[in-house]
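Trainee: work-v3.cif is the file, holding mmCIF, C-alpha atoms:
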```cif
data_run
#
loop_
_atom_site.label_atom_id
_atom_site.label_comp_id
_atom_site.auth_asym_id
_atom_site.auth_seq_id
_atom_site.Cartn_x
_atom_site.Cartn_y
_atom_site.Cartn_z
CA MET H 1 15.27 99.91 -12.96
CA SER H 2 18.12 102.41 -13.38
CA VAL H 3 17.61 106.15 -13.64
CA HIS H 4 19.60 108.08 -16.23
CA VAL H 5 19.76 111.85 -16.50
CA VAL H 6 20.07 113.25 -20.02
CA ALA H 7 20.92 116.94 -20.18
CA GLY H 8 19.68 118.58 -23.36
CA ALA H 9 16.46 117.90 -25.29
CA GLY H 10 17.83 118.64 -28.75
CA SER H 11 18.16 116.15 -31.58
CA THR H 12 20.72 113.92 -29.84
CA GLY H 13 19.52 114.27 -26.25
CA SER H 14 15.88 113.50 -27.09
CA ARG H 15 16.89 110.49 -29.16
CA ALA H 16 19.17 109.17 -26.41
CA ALA H 17 16.40 109.57 -23.84
CA LEU H 18 13.95 107.70 -26.05
CA LEU H 19 16.40 104.85 -26.70
CA LEU H 20 16.99 104.44 -22.97
CA ALA H 21 13.27 104.51 -22.23
CA GLU H 22 12.52 101.95 -24.94
CA ALA H 23 15.18 99.72 -23.38
CA GLY H 24 13.28 99.78 -20.09
CA GLU H 25 15.34 102.45 -18.34
CA GLN H 26 13.92 105.41 -16.43
CA VAL H 27 15.05 108.76 -17.86
CA ARG H 28 15.07 112.29 -16.46
CA LEU H 29 15.40 114.64 -19.44
CA VAL H 30 16.65 118.09 -18.47
CA SER H 31 16.26 121.23 -20.58
CA ARG H 32 15.60 124.89 -20.03
CA ARG H 33 11.98 124.55 -21.19
CA GLY H 34 11.23 120.99 -20.11
CA LEU H 35 10.95 119.69 -23.67
CA GLY H 36 11.40 116.20 -25.10
CA PRO H 37 9.59 113.15 -26.46
CA ASP H 38 6.52 111.76 -24.70
CA HIS H 39 7.14 108.36 -23.11
CA PRO H 40 5.93 106.89 -19.80
CA ARG H 41 9.52 106.33 -18.68
CA ILE H 42 10.74 109.84 -19.59
CA GLU H 43 10.35 112.56 -16.97
CA LYS H 44 10.79 115.98 -18.58
CA VAL H 45 12.10 118.61 -16.16
CA THR H 46 13.42 122.15 -16.36
CA GLY H 47 17.02 122.87 -15.51
CA ASP H 48 20.07 124.85 -16.57
CA THR H 49 23.28 122.90 -17.14
CA THR H 50 25.33 125.81 -15.85
CA ASP H 51 23.61 125.47 -12.46
CA ALA H 52 25.58 122.83 -10.54
CA ASP H 53 23.19 122.83 -7.57
CA ARG H 54 20.07 122.29 -9.68
CA LEU H 55 21.82 119.65 -11.77
CA THR H 56 23.01 117.90 -8.61
CA GLU H 57 19.44 117.85 -7.31
CA LEU H 58 18.19 116.31 -10.55
CA THR H 59 21.01 113.75 -10.70
CA GLU H 60 20.69 112.39 -7.14
CA GLY H 61 20.13 108.63 -7.33
CA ALA H 62 20.91 108.44 -11.05
CA THR H 63 23.26 105.87 -12.55
CA THR H 64 24.55 108.08 -15.35
CA LEU H 65 24.55 111.72 -16.39
CA ILE H 66 24.71 112.20 -20.17
CA ASN H 67 25.41 115.75 -21.31
CA THR H 68 24.37 116.76 -24.83
CA THR H 69 24.00 120.51 -24.22
CA TRP H 70 26.14 122.93 -26.22
CA PRO H 71 26.12 126.74 -26.20
CA PRO H 72 25.56 128.66 -29.45
CA TYR H 73 28.45 128.15 -31.88
CA ASN H 74 29.64 131.74 -31.62
CA ARG H 75 29.76 131.56 -27.81
CA TRP H 76 31.77 128.38 -27.27
CA PRO H 77 34.81 129.90 -25.49
CA ALA H 78 32.65 131.62 -22.87
CA GLY H 79 29.69 129.23 -22.85
CA PHE H 80 31.24 125.79 -22.67
CA PRO H 81 33.41 125.98 -19.50
CA PRO H 82 30.48 126.78 -17.13
CA ILE H 83 28.48 123.88 -18.56
CA ALA H 84 31.41 121.46 -18.29
CA GLU H 85 32.21 122.55 -14.74
CA ALA H 86 28.61 122.24 -13.54
CA VAL H 87 28.04 118.82 -15.14
CA LEU H 88 31.30 117.40 -13.81
CA THR H 89 30.52 118.81 -10.36
CA ALA H 90 27.05 117.24 -10.35
CA ALA H 91 28.48 113.86 -11.38
CA GLU H 92 31.13 114.00 -8.65
CA ARG H 93 28.64 115.04 -5.96
CA THR H 94 26.12 112.32 -6.80
CA GLY H 95 28.36 109.44 -7.89
CA ALA H 96 26.69 109.26 -11.30
CA SER H 97 28.89 108.20 -14.20
CA TYR H 98 29.42 111.01 -16.68
CA VAL H 99 29.06 110.70 -20.47
CA SER H 100 30.12 113.77 -22.45
CA LEU H 101 29.22 114.46 -26.08
CA SER H 102 31.97 116.13 -28.09
CA ASN H 103 33.41 116.38 -31.59
CA SER H 104 36.70 116.12 -33.48
CA TYR H 105 37.92 119.71 -33.03
CA GLY H 106 40.33 118.78 -30.24
CA TYR H 107 42.49 116.76 -32.62
CA GLY H 108 43.48 119.81 -34.62
CA HIS H 109 44.80 119.48 -38.16
CA VAL H 110 45.43 115.76 -38.71
CA ASP H 111 46.91 114.29 -41.89
CA GLY H 112 44.99 111.03 -42.08
CA PRO H 113 42.15 109.42 -40.13
CA MET H 114 41.53 110.50 -36.54
CA ALA H 115 41.28 107.43 -34.29
CA GLU H 116 40.07 107.19 -30.71
CA ASN H 117 43.66 107.16 -29.45
CA SER H 118 44.85 110.08 -31.60
CA ALA H 119 46.55 112.83 -29.60
CA LEU H 120 44.66 116.00 -28.79
CA ALA H 121 46.50 118.86 -30.49
CA PRO H 122 43.99 121.67 -31.11
CA VAL H 123 44.85 124.52 -33.48
CA SER H 124 41.73 126.59 -32.80
CA VAL H 125 40.11 128.21 -29.78
CA LYS H 126 37.07 125.95 -30.17
CA GLY H 127 39.30 122.90 -30.33
CA ALA H 128 41.21 123.99 -27.25
CA VAL H 129 37.95 124.45 -25.33
CA ARG H 130 36.71 120.99 -26.29
CA ALA H 131 40.06 119.37 -25.47
CA GLN H 132 40.26 121.02 -22.05
CA ILE H 133 36.77 119.86 -21.12
CA TRP H 134 37.84 116.27 -21.75
CA LEU H 135 41.20 116.65 -20.01
CA ASP H 136 39.50 118.04 -16.89
CA ALA H 137 36.99 115.20 -16.85
CA LEU H 138 39.69 112.60 -17.46
CA ALA H 139 41.76 114.01 -14.58
CA ALA H 140 38.76 113.61 -12.27
CA HIS H 141 38.35 110.04 -13.49
CA GLU H 142 42.01 109.19 -12.94
CA ALA H 143 41.83 110.70 -9.46
CA GLY H 144 38.96 108.34 -8.65
CA ARG H 145 36.39 111.10 -8.14
CA VAL H 146 34.03 110.06 -10.95
CA ARG H 147 33.72 107.69 -13.92
CA VAL H 148 33.79 109.51 -17.25
CA THR H 149 33.74 108.77 -20.95
CA GLU H 150 33.38 110.91 -24.06
CA VAL H 151 31.60 110.30 -27.38
CA ARG H 152 32.97 112.21 -30.38
CA ALA H 153 31.08 112.79 -33.61
CA SER H 154 31.58 114.88 -36.72
CA THR H 155 29.20 116.94 -38.87
CA TYR H 156 25.59 116.00 -38.12
CA LEU H 157 23.06 114.69 -40.63
CA GLY H 158 19.57 113.30 -40.13
CA ALA H 159 16.18 114.69 -39.14
CA GLY H 160 16.67 117.73 -36.96
CA ALA H 161 20.43 117.87 -37.52
CA GLN H 162 21.96 121.32 -37.19
CA SER H 163 25.24 121.88 -39.00
CA ALA H 164 26.80 124.33 -41.42
CA TYR H 165 25.86 122.00 -44.27
CA THR H 166 22.18 121.57 -43.30
CA ILE H 167 21.88 125.33 -42.83
CA LEU H 168 23.91 126.74 -45.73
CA ALA H 169 23.73 124.17 -48.52
CA ALA H 170 21.11 121.45 -48.18
CA PRO H 171 17.95 123.62 -48.25
CA ARG H 172 19.09 125.37 -51.42
CA ILE H 173 19.96 122.07 -53.10
CA LEU H 174 16.50 120.70 -52.30
CA ALA H 175 14.97 123.87 -53.76
CA GLY H 176 17.00 123.48 -56.97
CA GLU H 177 18.83 126.73 -56.28
CA PRO H 178 22.57 127.46 -56.55
CA ALA H 179 24.36 126.62 -53.31
CA ALA H 180 27.76 127.45 -51.88
CA PHE H 181 29.76 125.82 -49.10
CA PRO H 182 33.12 126.69 -47.53
CA GLY H 183 36.30 124.82 -48.37
CA ASP H 184 37.21 122.02 -50.76
CA LEU H 185 34.08 120.32 -52.03
CA ASP H 186 35.89 117.16 -53.13
CA VAL H 187 37.90 115.99 -50.11
CA PRO H 188 36.45 113.25 -47.87
CA LYS H 189 34.39 114.42 -44.92
CA THR H 190 32.81 112.54 -42.03
CA TRP H 191 29.04 112.75 -41.51
CA SER H 192 27.48 111.48 -38.29
CA SER H 193 23.81 110.53 -38.16
CA VAL H 194 22.09 112.03 -35.13
CA ASP H 195 20.54 108.59 -34.58
CA ASP H 196 23.99 107.00 -34.49
CA VAL H 197 25.22 109.68 -32.09
CA ALA H 198 22.37 108.89 -29.71
CA ARG H 199 22.90 105.14 -30.09
CA THR H 200 26.59 105.48 -29.25
CA LEU H 201 25.84 107.66 -26.21
CA VAL H 202 23.41 105.09 -24.84
CA THR H 203 25.67 102.14 -25.63
CA VAL H 204 28.67 103.53 -23.78
CA ALA H 205 26.49 104.70 -20.88
CA LEU H 206 25.33 101.12 -20.29
CA ASP H 207 28.67 99.33 -20.79
CA ASP H 208 31.40 99.08 -18.13
CA ARG H 209 34.09 98.90 -20.83
CA SER H 210 33.45 102.53 -21.74
CA TRP H 211 34.96 104.43 -18.86
CA GLY H 212 38.18 106.41 -18.87
CA ARG H 213 38.53 106.97 -22.62
CA ALA H 214 36.83 108.46 -25.68
CA TRP H 215 34.80 106.71 -28.39
CA HIS H 216 33.95 107.73 -31.94
CA VAL H 217 30.48 107.56 -33.44
CA PRO H 218 30.40 105.14 -36.42
CA SER H 219 29.87 107.49 -39.35
CA SER H 220 30.02 107.78 -43.14
CA GLN H 221 32.63 109.44 -45.35
CA LEU H 222 31.60 111.43 -48.42
CA SER H 223 32.80 114.61 -50.04
CA VAL H 224 30.49 117.61 -49.89
CA ARG H 225 29.95 117.36 -53.62
CA GLU H 226 29.07 113.65 -53.50
CA LEU H 227 26.70 114.17 -50.58
CA SER H 228 25.01 117.04 -52.40
CA GLU H 229 24.56 114.99 -55.56
CA ARG H 230 23.06 112.11 -53.59
CA ILE H 231 20.70 114.41 -51.69
CA ALA H 232 19.48 115.98 -54.93
CA ALA H 233 18.98 112.59 -56.58
CA ALA H 234 17.11 111.18 -53.57
CA ALA H 235 14.82 114.21 -53.46
CA GLY H 236 14.21 114.29 -57.20
CA ALA H 237 15.78 117.75 -57.35
CA PRO H 238 17.94 119.05 -60.22
CA ALA H 239 21.65 118.26 -60.20
CA PRO H 240 23.18 120.60 -57.63
CA ARG H 241 24.85 123.80 -58.75
CA LEU H 242 27.43 123.89 -56.01
CA SER H 243 30.34 126.30 -55.68
CA PRO H 244 33.09 126.64 -53.05
CA LEU H 245 33.40 129.56 -50.67
CA SER H 246 36.94 130.76 -50.06
CA LEU H 247 38.30 131.93 -46.73
CA VAL H 248 37.83 135.51 -47.92
CA ASP H 249 34.23 134.74 -48.93
CA VAL H 250 33.52 133.34 -45.47
CA ALA H 251 35.14 136.29 -43.73
CA TRP H 252 33.11 138.69 -45.85
CA ALA H 253 29.83 136.88 -45.15
CA GLY H 254 30.72 136.77 -41.47
CA ARG H 255 30.50 140.54 -41.23
CA THR H 256 26.72 140.22 -40.91
CA ASP H 257 26.33 136.61 -39.74
CA PRO H 258 28.01 135.77 -36.40
CA ILE H 259 27.69 132.02 -36.94
CA VAL H 260 29.30 132.08 -40.40
CA ALA H 261 32.03 134.29 -38.95
CA GLU H 262 33.04 131.40 -36.69
CA LEU H 263 33.89 129.28 -39.74
CA VAL H 264 36.95 131.44 -40.39
CA GLU H 265 38.68 129.85 -37.42
CA MET H 266 37.63 126.35 -38.51
CA PHE H 267 38.39 126.80 -42.22
CA TYR H 268 41.34 124.40 -42.00
CA ALA H 269 38.87 121.57 -41.32
CA LEU H 270 36.78 122.54 -44.33
CA GLU H 271 39.56 122.63 -46.91
CA HIS H 272 41.29 119.41 -45.83
CA PRO H 273 40.08 115.81 -45.38
CA ASP H 274 38.22 115.26 -42.11
CA VAL H 275 38.01 111.53 -41.47
CA LEU H 276 36.88 110.13 -38.13
CA ASP H 277 37.90 106.47 -37.67
CA ALA H 278 35.46 104.60 -35.40
CA THR H 279 36.99 101.14 -35.81
CA LEU H 280 37.59 100.66 -32.08
CA THR H 281 34.03 101.66 -31.21
CA GLU H 282 32.63 99.37 -33.88
CA GLN H 283 34.72 96.39 -32.78
CA THR H 284 34.16 96.90 -29.06
CA PHE H 285 30.41 97.45 -29.06
CA GLY H 286 29.29 95.94 -32.37
CA LEU H 287 27.97 99.28 -33.62
CA SER H 288 27.94 100.38 -37.25
CA ALA H 289 26.95 103.50 -39.14
CA THR H 290 23.42 103.79 -40.49
CA SER H 291 23.38 103.45 -44.27
CA VAL H 292 24.02 106.67 -46.16
CA ASP H 293 20.76 106.29 -48.09
CA THR H 294 18.77 106.12 -44.85
CA VAL H 295 20.59 109.10 -43.36
CA ILE H 296 20.04 111.14 -46.52
CA ALA H 297 16.32 110.27 -46.53
CA ASP H 298 16.06 111.30 -42.86
CA THR H 299 17.90 114.55 -43.58
CA ILE H 300 15.60 115.40 -46.48
CA GLY H 301 12.52 114.54 -44.44
CA GLY H 302 13.64 116.76 -41.60
CA LEU H 303 14.38 119.72 -43.86
CA VAL H 304 11.16 119.40 -45.81
CA ALA H 305 9.16 119.28 -42.57
CA VAL H 306 10.64 122.56 -41.32
#
```
Using structure tokens, write down the structure from this file.

Mentor:
Amino acid sequence: MSVHVVAGAGSTGSRAALLLAEAGEQVRLVSRRGLGPDHPRIEKVTGDTTDADRLTELTEGATTLINTTWPPYNRWPAGFPPIAEAVLTAAERTGASYVSLSNSYGYGHVDGPMAENSALAPVSVKGAVRAQIWLDALAAHEAGRVRVTEVRASTYLGAGAQSAYTILAAPRILAGEPAAFPGDLDVPKTWSSVDDVARTLVTVALDDRSWGRAWHVPSSQLSVRELSERIAAAAGAPAPRLSPLSLVDVAWAGRTDPIVAELVEMFYALEHPDVLDATLTEQTFGLSATSVDTVIADTIGGLVAV
């Protein structure tokens, strides 16, 4: 029986740990408070992913180290590098293969779908941070010090998903209240189910074809307006009264909300199409995106339960 370390007991980390455990694998789930799902093959332990020594101790003897921990959105530039350095160090010290969870920010402003082999060309500080984390890990892989791979997703949906949309728009739509969201409401956007993110993480962790490159989570494409209409219909709520927030609106709101303030930098991704192409992942591993109806139902259920 293999041992896998999953760092982070949030929506994706807990789901990945449970999938591994249900597949007969032993899991050590690391979080600051020792949280996570109850399962006889999941050992919940406390640990800080910026602490390379503690993470090394917890990863000794493990086959893989899957990192799903992210700092708060407004602290990415300062918070991400220590995490990335500690996780990569622990993987190198122990010989565990390293699976990193990331997103599409590193691609920058792309006219057309972003594929797994698209060049990294960030146009934001957050994108540059994410790109550098992967480039450092890939350099270690190419030097033969560790095996690495990266899973990239887009905006999260599903039970427990945390994203600008699930925070700013979805609760108001479910309540039948007017809602506003930044950018163009009618361009195609990619939505990744947290279940599909976890499934992709586990799949690549267990497959020798994964290493040395990035993989995209199979996801769905809908405009913000279409998603909002489908959420309202599925919940039996009134047709959404949805309006766009301009860059100035976002900047103004960001005066008192540090998370919203971070959307100023990422506004380019909100006013233009954001399409993540997962064809290679789908063809290589036989994965596919969960149906939109199921993801919407899970999202509604998670928000209603809060």

Trainee: Residues at most 12 Å from Val264 in chain H, counting all atoms listed in the file, excluding those fewer than 5 positions away in the same chain, as a PyMOL selection string?

Mentor: chain H and resi 74+124-126+182-183+245-255+257-259+269-271

Trainee: Using the chain letters and numbers from the file, which residues does the PyMOL selection byres ((chain H and resi 206-213) around 8) grab, as a PDB file with C-alpha atoms, in the coordinates of the input?

Mentor:
```pdb
ATOM      1  CA  LEU H 138      39.690 112.600 -17.460  1.00  0.00           C
ATOM      2  CA  HIS H 141      38.350 110.040 -13.490  1.00  0.00           C
ATOM      3  CA  GLU H 142      42.010 109.190 -12.940  1.00  0.00           C
ATOM      4  CA  ARG H 147      33.720 107.690 -13.920  1.00  0.00           C
ATOM      5  CA  VAL H 148      33.790 109.510 -17.250  1.00  0.00           C
ATOM      6  CA  THR H 149      33.740 108.770 -20.950  1.00  0.00           C
ATOM      7  CA  GLU H 150      33.380 110.910 -24.060  1.00  0.00           C
ATOM      8  CA  VAL H 202      23.410 105.090 -24.840  1.00  0.00           C
ATOM      9  CA  THR H 203      25.670 102.140 -25.630  1.00  0.00           C
ATOM     10  CA  VAL H 204      28.670 103.530 -23.780  1.00  0.00           C
ATOM     11  CA  ALA H 205      26.490 104.700 -20.880  1.00  0.00           C
ATOM     12  CA  ALA H 214      36.830 108.460 -25.680  1.00  0.00           C
ATOM     13  CA  TRP H 215      34.800 106.710 -28.390  1.00  0.00           C
TER      14      TRP H 215
END
```

Trainee: Suppose a student applies the PyMOL selection byres ((chain H and resi 131) around 9) to this structure; what residues should they get, written as a ChimeraX atom specification?

Mentor: /H:105-107,120-122,126-130,132-136

Trainee: If I put a ball of radius 9 Å at (14.6, 121.9, -53.4) in the file's coordinates, which residues poke into it when counting all atoms listed in the file, written as a PyMOL selection string?

Mentor: chain H and resi 170-177+232+235-238+304

Trainee: Once the PyMOL selection byres ((chain H and resi 93) around 10) has been evaluated on this model, what residues remain selected, and can you format them as a VMD selection string?

Mentor: chain H and resid 52 to 53 56 to 57 59 to 60 87 to 92 94 to 96 145 to 146

Trainee: Could I get range 179-190 of chain H rebuilt with all heavy atoms, written as a PDB file, keeping the file's coordinate frame?

Mentor:
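So part-v5.pdb came out as:
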```
ATOM      1  N   ALA H 179      23.943 126.708 -54.708  1.00  0.00           N
ATOM      2  CA  ALA H 179      24.360 126.620 -53.310  1.00  0.00           C
ATOM      3  C   ALA H 179      25.871 126.792 -53.232  1.00  0.00           C
ATOM      4  O   ALA H 179      26.602 126.477 -54.180  1.00  0.00           O
ATOM      5  CB  ALA H 179      23.952 125.275 -52.717  1.00  0.00           C
ATOM      6  N   ALA H 180      26.329 127.274 -52.109  1.00  0.00           N
ATOM      7  CA  ALA H 180      27.760 127.450 -51.880  1.00  0.00           C
ATOM      8  C   ALA H 180      28.101 126.908 -50.499  1.00  0.00           C
ATOM      9  O   ALA H 180      27.286 126.966 -49.574  1.00  0.00           O
ATOM     10  CB  ALA H 180      28.157 128.912 -51.988  1.00  0.00           C
ATOM     11  N   PHE H 181      29.327 126.378 -50.385  1.00  0.00           N
ATOM     12  CA  PHE H 181      29.760 125.820 -49.100  1.00  0.00           C
ATOM     13  C   PHE H 181      31.253 126.072 -48.945  1.00  0.00           C
ATOM     14  O   PHE H 181      32.010 125.999 -49.919  1.00  0.00           O
ATOM     15  CB  PHE H 181      29.466 124.323 -49.043  1.00  0.00           C
ATOM     16  CG  PHE H 181      29.580 123.754 -47.648  1.00  0.00           C
ATOM     17  CD1 PHE H 181      28.605 124.027 -46.700  1.00  0.00           C
ATOM     18  CD2 PHE H 181      30.670 122.970 -47.286  1.00  0.00           C
ATOM     19  CE1 PHE H 181      28.708 123.523 -45.415  1.00  0.00           C
ATOM     20  CE2 PHE H 181      30.781 122.465 -46.013  1.00  0.00           C
ATOM     21  CZ  PHE H 181      29.796 122.742 -45.062  1.00  0.00           C
ATOM     22  N   PRO H 182      31.711 126.358 -47.729  1.00  0.00           N
ATOM     23  CA  PRO H 182      33.120 126.690 -47.530  1.00  0.00           C
ATOM     24  C   PRO H 182      34.062 125.510 -47.747  1.00  0.00           C
ATOM     25  O   PRO H 182      33.739 124.365 -47.420  1.00  0.00           O
ATOM     26  CB  PRO H 182      33.175 127.138 -46.055  1.00  0.00           C
ATOM     27  CG  PRO H 182      31.766 127.408 -45.669  1.00  0.00           C
ATOM     28  CD  PRO H 182      30.925 126.501 -46.498  1.00  0.00           C
ATOM     29  N   GLY H 183      35.236 125.803 -48.292  1.00  0.00           N
ATOM     30  CA  GLY H 183      36.300 124.820 -48.370  1.00  0.00           C
ATOM     31  C   GLY H 183      36.352 124.042 -49.660  1.00  0.00           C
ATOM     32  O   GLY H 183      35.788 124.436 -50.683  1.00  0.00           O
ATOM     33  N   ASP H 184      37.037 122.909 -49.605  1.00  0.00           N
ATOM     34  CA  ASP H 184      37.210 122.020 -50.760  1.00  0.00           C
ATOM     35  C   ASP H 184      36.029 121.072 -50.825  1.00  0.00           C
ATOM     36  O   ASP H 184      35.804 120.282 -49.907  1.00  0.00           O
ATOM     37  CB  ASP H 184      38.534 121.261 -50.600  1.00  0.00           C
ATOM     38  CG  ASP H 184      38.914 120.479 -51.855  1.00  0.00           C
ATOM     39  OD1 ASP H 184      38.005 120.063 -52.604  1.00  0.00           O
ATOM     40  OD2 ASP H 184      40.123 120.264 -52.070  1.00  0.00           O
ATOM     41  N   LEU H 185      35.298 121.120 -51.898  1.00  0.00           N
ATOM     42  CA  LEU H 185      34.080 120.320 -52.030  1.00  0.00           C
ATOM     43  C   LEU H 185      34.347 118.861 -52.366  1.00  0.00           C
ATOM     44  O   LEU H 185      33.411 118.049 -52.372  1.00  0.00           O
ATOM     45  CB  LEU H 185      33.179 120.925 -53.111  1.00  0.00           C
ATOM     46  CG  LEU H 185      32.814 122.397 -52.940  1.00  0.00           C
ATOM     47  CD1 LEU H 185      31.915 122.844 -54.087  1.00  0.00           C
ATOM     48  CD2 LEU H 185      32.147 122.649 -51.602  1.00  0.00           C
ATOM     49  N   ASP H 186      35.602 118.506 -52.622  1.00  0.00           N
ATOM     50  CA  ASP H 186      35.890 117.160 -53.130  1.00  0.00           C
ATOM     51  C   ASP H 186      36.760 116.307 -52.202  1.00  0.00           C
ATOM     52  O   ASP H 186      37.091 115.178 -52.559  1.00  0.00           O
ATOM     53  CB  ASP H 186      36.561 117.267 -54.495  1.00  0.00           C
ATOM     54  CG  ASP H 186      35.626 117.880 -55.529  1.00  0.00           C
ATOM     55  OD1 ASP H 186      34.551 117.296 -55.761  1.00  0.00           O
ATOM     56  OD2 ASP H 186      35.953 118.948 -56.071  1.00  0.00           O
ATOM     57  N   VAL H 187      37.125 116.811 -51.048  1.00  0.00           N
ATOM     58  CA  VAL H 187      37.900 115.990 -50.110  1.00  0.00           C
ATOM     59  C   VAL H 187      36.939 115.206 -49.229  1.00  0.00           C
ATOM     60  O   VAL H 187      35.799 115.625 -49.000  1.00  0.00           O
ATOM     61  CB  VAL H 187      38.845 116.857 -49.251  1.00  0.00           C
ATOM     62  CG1 VAL H 187      39.887 117.541 -50.115  1.00  0.00           C
ATOM     63  CG2 VAL H 187      38.059 117.875 -48.429  1.00  0.00           C
ATOM     64  N   PRO H 188      37.352 114.051 -48.712  1.00  0.00           N
ATOM     65  CA  PRO H 188      36.450 113.250 -47.870  1.00  0.00           C
ATOM     66  C   PRO H 188      36.136 113.936 -46.556  1.00  0.00           C
ATOM     67  O   PRO H 188      37.006 114.520 -45.914  1.00  0.00           O
ATOM     68  CB  PRO H 188      37.231 111.948 -47.655  1.00  0.00           C
ATOM     69  CG  PRO H 188      38.657 112.295 -47.916  1.00  0.00           C
ATOM     70  CD  PRO H 188      38.648 113.376 -48.933  1.00  0.00           C
ATOM     71  N   LYS H 189      34.864 113.861 -46.179  1.00  0.00           N
ATOM     72  CA  LYS H 189      34.390 114.420 -44.920  1.00  0.00           C
ATOM     73  C   LYS H 189      33.595 113.347 -44.169  1.00  0.00           C
ATOM     74  O   LYS H 189      33.026 112.445 -44.774  1.00  0.00           O
ATOM     75  CB  LYS H 189      33.467 115.628 -45.169  1.00  0.00           C
ATOM     76  CG  LYS H 189      34.136 116.796 -45.871  1.00  0.00           C
ATOM     77  CD  LYS H 189      35.186 117.429 -44.997  1.00  0.00           C
ATOM     78  CE  LYS H 189      35.845 118.616 -45.679  1.00  0.00           C
ATOM     79  NZ  LYS H 189      36.942 119.168 -44.863  1.00  0.00           N
ATOM     80  N   THR H 190      33.558 113.482 -42.867  1.00  0.00           N
ATOM     81  CA  THR H 190      32.810 112.540 -42.030  1.00  0.00           C
ATOM     82  C   THR H 190      31.457 113.143 -41.670  1.00  0.00           C
ATOM     83  O   THR H 190      31.363 114.306 -41.267  1.00  0.00           O
ATOM     84  CB  THR H 190      33.584 112.211 -40.750  1.00  0.00           C
ATOM     85  OG1 THR H 190      34.808 111.569 -41.102  1.00  0.00           O
ATOM     86  CG2 THR H 190      32.778 111.290 -39.851  1.00  0.00           C
TER      87      THR H 190
END
```
